[in-house]
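Asks: Next up is a structure, given as structure tokens.
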Amino acid sequence: MGRLSLSLAVLGIHCAATWGFSVSATPGQIINGIGASGAWWPNDVFLFPDNIREQVAELLFGSSGAGLTSYRYNVGGGGSGVNNPVRAPETFYVSQGQYNWSADAAGVFFLQEAAQHNVPQLTAFVNSAPPAMTSNGRACGGNLVDGQIQAYAQYLADVIAHFRDEGIRFTHVSPMNEPDDTFGTCGQEGMQVTPQQRANVVNTLRTALDAAGLQSVGIMADESSSTGNFLPEASQWIPQVRAGALAAVSHHQYGFDGDAAVAQLGATGRSLSGVETWFTEICCFRAASAGEQQNPAAKLTYGSEYEPTMVGALQLGQLLYQSFTQAQDAHFDFWTALSNGIGCSPLNNPSCVANANTNGWNDGLIYYDPDYASNGNTAIYQTKRLFLLKHFSNFIWLGSTRFAVSGLPPNVLGMAFKASGEQSTPAGSARTSLILMNMGSGVAELQPAQAGLGTFVGGVVTSPSADWQAFGASESVNLPGLSITTLLFN
């Protein structure tokens, strides 16, 4: 998206009537990461020219880019049986205790980039164990074998220890993904891990990590695909996890449930486990009603659509808002950082990358041409979703505390975040951020002083006409229609 300057009117430097609002004095949860995953785009983008690969790394991890504070590296199962080669990452596993550490050069390259950019939260996540440990001898369509759980835990501990010795320290490991599904269509790696197996996997992995001197590596589970899967099964496995073995209860949200069900998910996960809940994957959303495709606040459902504009960005924003305010999750990860599901040909129609279509998918922050290998187009295309996540990753500082906001104008969603110390921002030093998403098409005006958060020092806005536009302090600020605006205070 092009960078366009904002007029004073857009920034709201005038004295029209404003809405009163307030920020609660009651602290919510502490937030510890905003990110995305490295599946499966590295297999493509690793083949791009060096300058493009470095550009991608800077856009995701760098101070001039999104500055993600979390990155999920996919520990591949080798792809045996998977019918899409891009979704078949190589595995380090050769046999028990024997590894090929030169495997998965593509995935490791971007993991190294994340580490070199000092991304603070690095997770090793698994879709499937190596085929030797699954019931069908493949990396999809089978189950984790009971008798292989010990070997599987040792394998993961060995992988994490190897990277530690190479200077890359994983903070977390996720040993299962959407474990109710065998992924029998084999469009990607996957394995079933039954509720009766899950606590054993976590406990055994904890023992293996501790024995390898990896006590600092936290385990998350179970990455259930939806509230409908998580709620009836949580009591079957979480109470069987030994104290201290689990660092976070992780979940996805492909049921796109309402607030009540999402709140129940978070409360159940925390009450059963005594640890945080993390939202660790979401993508592929569109308005559930065809008549609300241009409404970013519409109820969402799973389905194909490429929506690179502020509408698609704010649809992700409503999921983030629900995660933090209803589930009260402490962490949020989007699914794939890059995608080739653009749904059009940028070479044949250059303008298509900026417009919605129903052939592509909302499964990336950045996109690339799916036909790059035949047409040589290695350009990358940024979406407004990337800039929305940049607001969250840059202004929800690691370890900051969420505070609820009430009394905002209609169609405006807001959350405040307070850090324990001063943070460097485009507007100067700040300790508190107020992130505001205007889901409506009209302008809304606020007086920052009403927040009671300290001295207003300025902010940053992303709107249909601007990407990450910084502005200075003023008595009042307009929130453009279909925008995300962060106000900063010291």
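FYI, nothing fancy with the structure tokens labels: chains A, B, ... in order, residues from 1 per chain, ligands from 1 as they appear.
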Report as a list of chain:residue names all protein, DNA and RNA residues lying within 9 Å of Asn200 in chain A, evaluated on only C-alpha atoms, omitting residues in the same chain fewer than 4 positions from it.
Replies: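 Those residues are A:Ile149, A:Gln196, A:Thr204, A:Leu205, A:Trp237, A:Gln240, A:Val241.
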Asks: Give me, as a list in words, all polymer residues having an atom no more than 10 Å from Met310 in chain A, counting only C-alpha atoms and skipping those fewer than 4 positions away in the same chain.
Replies: Gln294, Pro296, Leu314, Gln315, Leu316, Gly317, Thr383, Lys384, Arg385, Phe387, Leu388, Met439, Thr462, Ser463, Pro464, Ser465, Gly481, Leu482, Ser483 and Ile484 of chain A
Asks: Between CA of Ser476 in chain A and CA of Gly454 in chain A, what is the distance in Å, rounded to a tenth?
Replies: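 Calculated distance between CA of Ser476 in chain A and CA of Gly454 in chain A is 14.8 Å.
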Asks: Check the DSSP output for the backbone and give back, as a PyMOL selection string, the residues of range 7-148 of chain A in strand (DSSP E).
Replies: chain A and resi 22-31+34-37+70-74+93-95+98-99+121-125+142-143
Asks: Go ahead and write the residues just picked, N, CA, C and O atoms, as a CSV table (one decimal), in the first residue's frame.
Replies:
```csv
chain,number,residue,atom,x,y,z
A,22,SER,N,-13.8,6.7,29.0
A,22,SER,CA,-12.9,6.5,30.1
A,22,SER,C,-12.2,5.2,30.0
A,22,SER,O,-12.6,4.3,29.3
A,23,VAL,N,-11.0,5.2,30.7
A,23,VAL,CA,-10.2,4.0,30.8
A,23,VAL,C,-10.3,3.4,32.2
A,23,VAL,O,-10.1,4.1,33.2
A,24,SER,N,-10.6,2.1,32.3
A,24,SER,CA,-10.7,1.5,33.6
A,24,SER,C,-9.4,1.5,34.4
A,24,SER,O,-8.3,1.5,33.8
A,25,ALA,N,-9.5,1.6,35.7
A,25,ALA,CA,-8.4,1.5,36.6
A,25,ALA,C,-8.0,0.1,37.0
A,25,ALA,O,-7.0,-0.2,37.6
A,26,THR,N,-8.9,-0.8,36.6
A,26,THR,CA,-8.7,-2.2,36.9
A,26,THR,C,-7.9,-2.9,35.9
A,26,THR,O,-8.2,-3.0,34.7
A,27,PRO,N,-6.7,-3.5,36.3
A,27,PRO,CA,-5.9,-4.1,35.3
A,27,PRO,C,-6.4,-5.4,34.8
A,27,PRO,O,-7.1,-6.2,35.5
A,28,GLY,N,-6.2,-5.7,33.5
A,28,GLY,CA,-6.5,-7.0,32.9
A,28,GLY,C,-5.3,-7.8,32.8
A,28,GLY,O,-4.4,-7.8,33.7
A,29,GLN,N,-5.2,-8.6,31.8
A,29,GLN,CA,-4.1,-9.6,31.7
A,29,GLN,C,-2.8,-8.9,31.2
A,29,GLN,O,-2.9,-7.8,30.6
A,30,ILE,N,-1.7,-9.5,31.4
A,30,ILE,CA,-0.4,-9.1,30.9
A,30,ILE,C,-0.2,-9.7,29.5
A,30,ILE,O,-0.5,-10.9,29.3
A,31,ILE,N,0.1,-8.9,28.5
A,31,ILE,CA,0.3,-9.4,27.1
A,31,ILE,C,1.8,-9.7,26.9
A,31,ILE,O,2.6,-8.9,27.2
A,34,ILE,N,2.8,-10.8,20.0
A,34,ILE,CA,2.0,-10.7,18.8
A,34,ILE,C,2.8,-11.2,17.7
A,34,ILE,O,3.9,-10.7,17.4
A,35,GLY,N,2.3,-12.2,16.9
A,35,GLY,CA,3.1,-12.7,15.8
A,35,GLY,C,2.4,-13.4,14.8
A,35,GLY,O,1.2,-13.3,14.5
A,36,ALA,N,3.2,-14.3,14.1
A,36,ALA,CA,2.7,-15.1,13.0
A,36,ALA,C,3.6,-16.3,12.8
A,36,ALA,O,4.7,-16.4,13.4
A,37,SER,N,3.3,-17.2,11.8
A,37,SER,CA,4.0,-18.4,11.7
A,37,SER,C,4.8,-18.4,10.4
A,37,SER,O,4.6,-17.7,9.5
A,70,SER,N,6.6,-12.2,18.2
A,70,SER,CA,6.5,-13.7,18.3
A,70,SER,C,6.6,-14.3,16.9
A,70,SER,O,6.1,-13.7,15.9
A,71,TYR,N,7.3,-15.4,16.8
A,71,TYR,CA,7.4,-16.1,15.5
A,71,TYR,C,7.4,-17.6,15.8
A,71,TYR,O,8.0,-18.1,16.7
A,72,ARG,N,6.5,-18.3,15.0
A,72,ARG,CA,6.3,-19.7,15.2
A,72,ARG,C,7.0,-20.5,14.0
A,72,ARG,O,6.7,-20.3,12.9
A,73,TYR,N,8.0,-21.3,14.4
A,73,TYR,CA,8.8,-22.1,13.4
A,73,TYR,C,8.2,-23.5,13.3
A,73,TYR,O,8.0,-24.1,14.4
A,74,ASN,N,7.9,-23.9,12.1
A,74,ASN,CA,7.3,-25.2,11.9
A,74,ASN,C,8.4,-26.3,11.8
A,74,ASN,O,9.2,-26.4,10.9
A,93,TYR,N,14.7,-35.5,11.3
A,93,TYR,CA,14.7,-36.9,11.9
A,93,TYR,C,15.2,-37.9,10.8
A,93,TYR,O,14.7,-37.9,9.7
A,94,VAL,N,16.2,-38.7,11.2
A,94,VAL,CA,16.6,-39.8,10.3
A,94,VAL,C,16.2,-41.1,11.0
A,94,VAL,O,15.5,-42.0,10.4
A,95,SER,N,16.6,-41.3,12.2
A,95,SER,CA,16.2,-42.4,13.1
A,95,SER,C,16.4,-42.0,14.5
A,95,SER,O,16.9,-40.9,14.8
A,98,GLN,N,19.4,-39.9,15.5
A,98,GLN,CA,20.2,-39.6,14.3
A,98,GLN,C,19.4,-38.5,13.6
A,98,GLN,O,18.2,-38.6,13.3
A,99,TYR,N,20.1,-37.4,13.2
A,99,TYR,CA,19.5,-36.3,12.6
A,99,TYR,C,20.3,-35.7,11.4
A,99,TYR,O,21.5,-35.8,11.4
A,121,GLN,N,9.8,-13.9,21.4
A,121,GLN,CA,9.1,-15.2,21.6
A,121,GLN,C,9.3,-16.1,20.3
A,121,GLN,O,8.8,-15.7,19.3
A,122,LEU,N,10.0,-17.2,20.5
A,122,LEU,CA,10.2,-18.1,19.4
A,122,LEU,C,9.6,-19.5,19.8
A,122,LEU,O,10.0,-20.0,20.8
A,123,THR,N,8.6,-19.9,19.0
A,123,THR,CA,8.0,-21.2,19.3
A,123,THR,C,8.3,-22.2,18.2
A,123,THR,O,8.2,-21.9,17.0
A,124,ALA,N,8.7,-23.4,18.6
A,124,ALA,CA,8.8,-24.6,17.7
A,124,ALA,C,7.5,-25.3,17.7
A,124,ALA,O,7.1,-25.9,18.8
A,125,PHE,N,6.7,-25.3,16.6
A,125,PHE,CA,5.4,-26.0,16.6
A,125,PHE,C,5.4,-27.1,15.6
A,125,PHE,O,6.1,-27.0,14.6
A,142,GLY,N,-2.8,-40.0,10.1
A,142,GLY,CA,-2.6,-41.0,11.1
A,142,GLY,C,-2.7,-40.5,12.5
A,142,GLY,O,-3.1,-39.3,12.7
A,143,ASN,N,-2.4,-41.3,13.5
A,143,ASN,CA,-2.4,-41.0,14.9
A,143,ASN,C,-1.0,-41.1,15.5
A,143,ASN,O,-0.2,-41.9,15.0
```
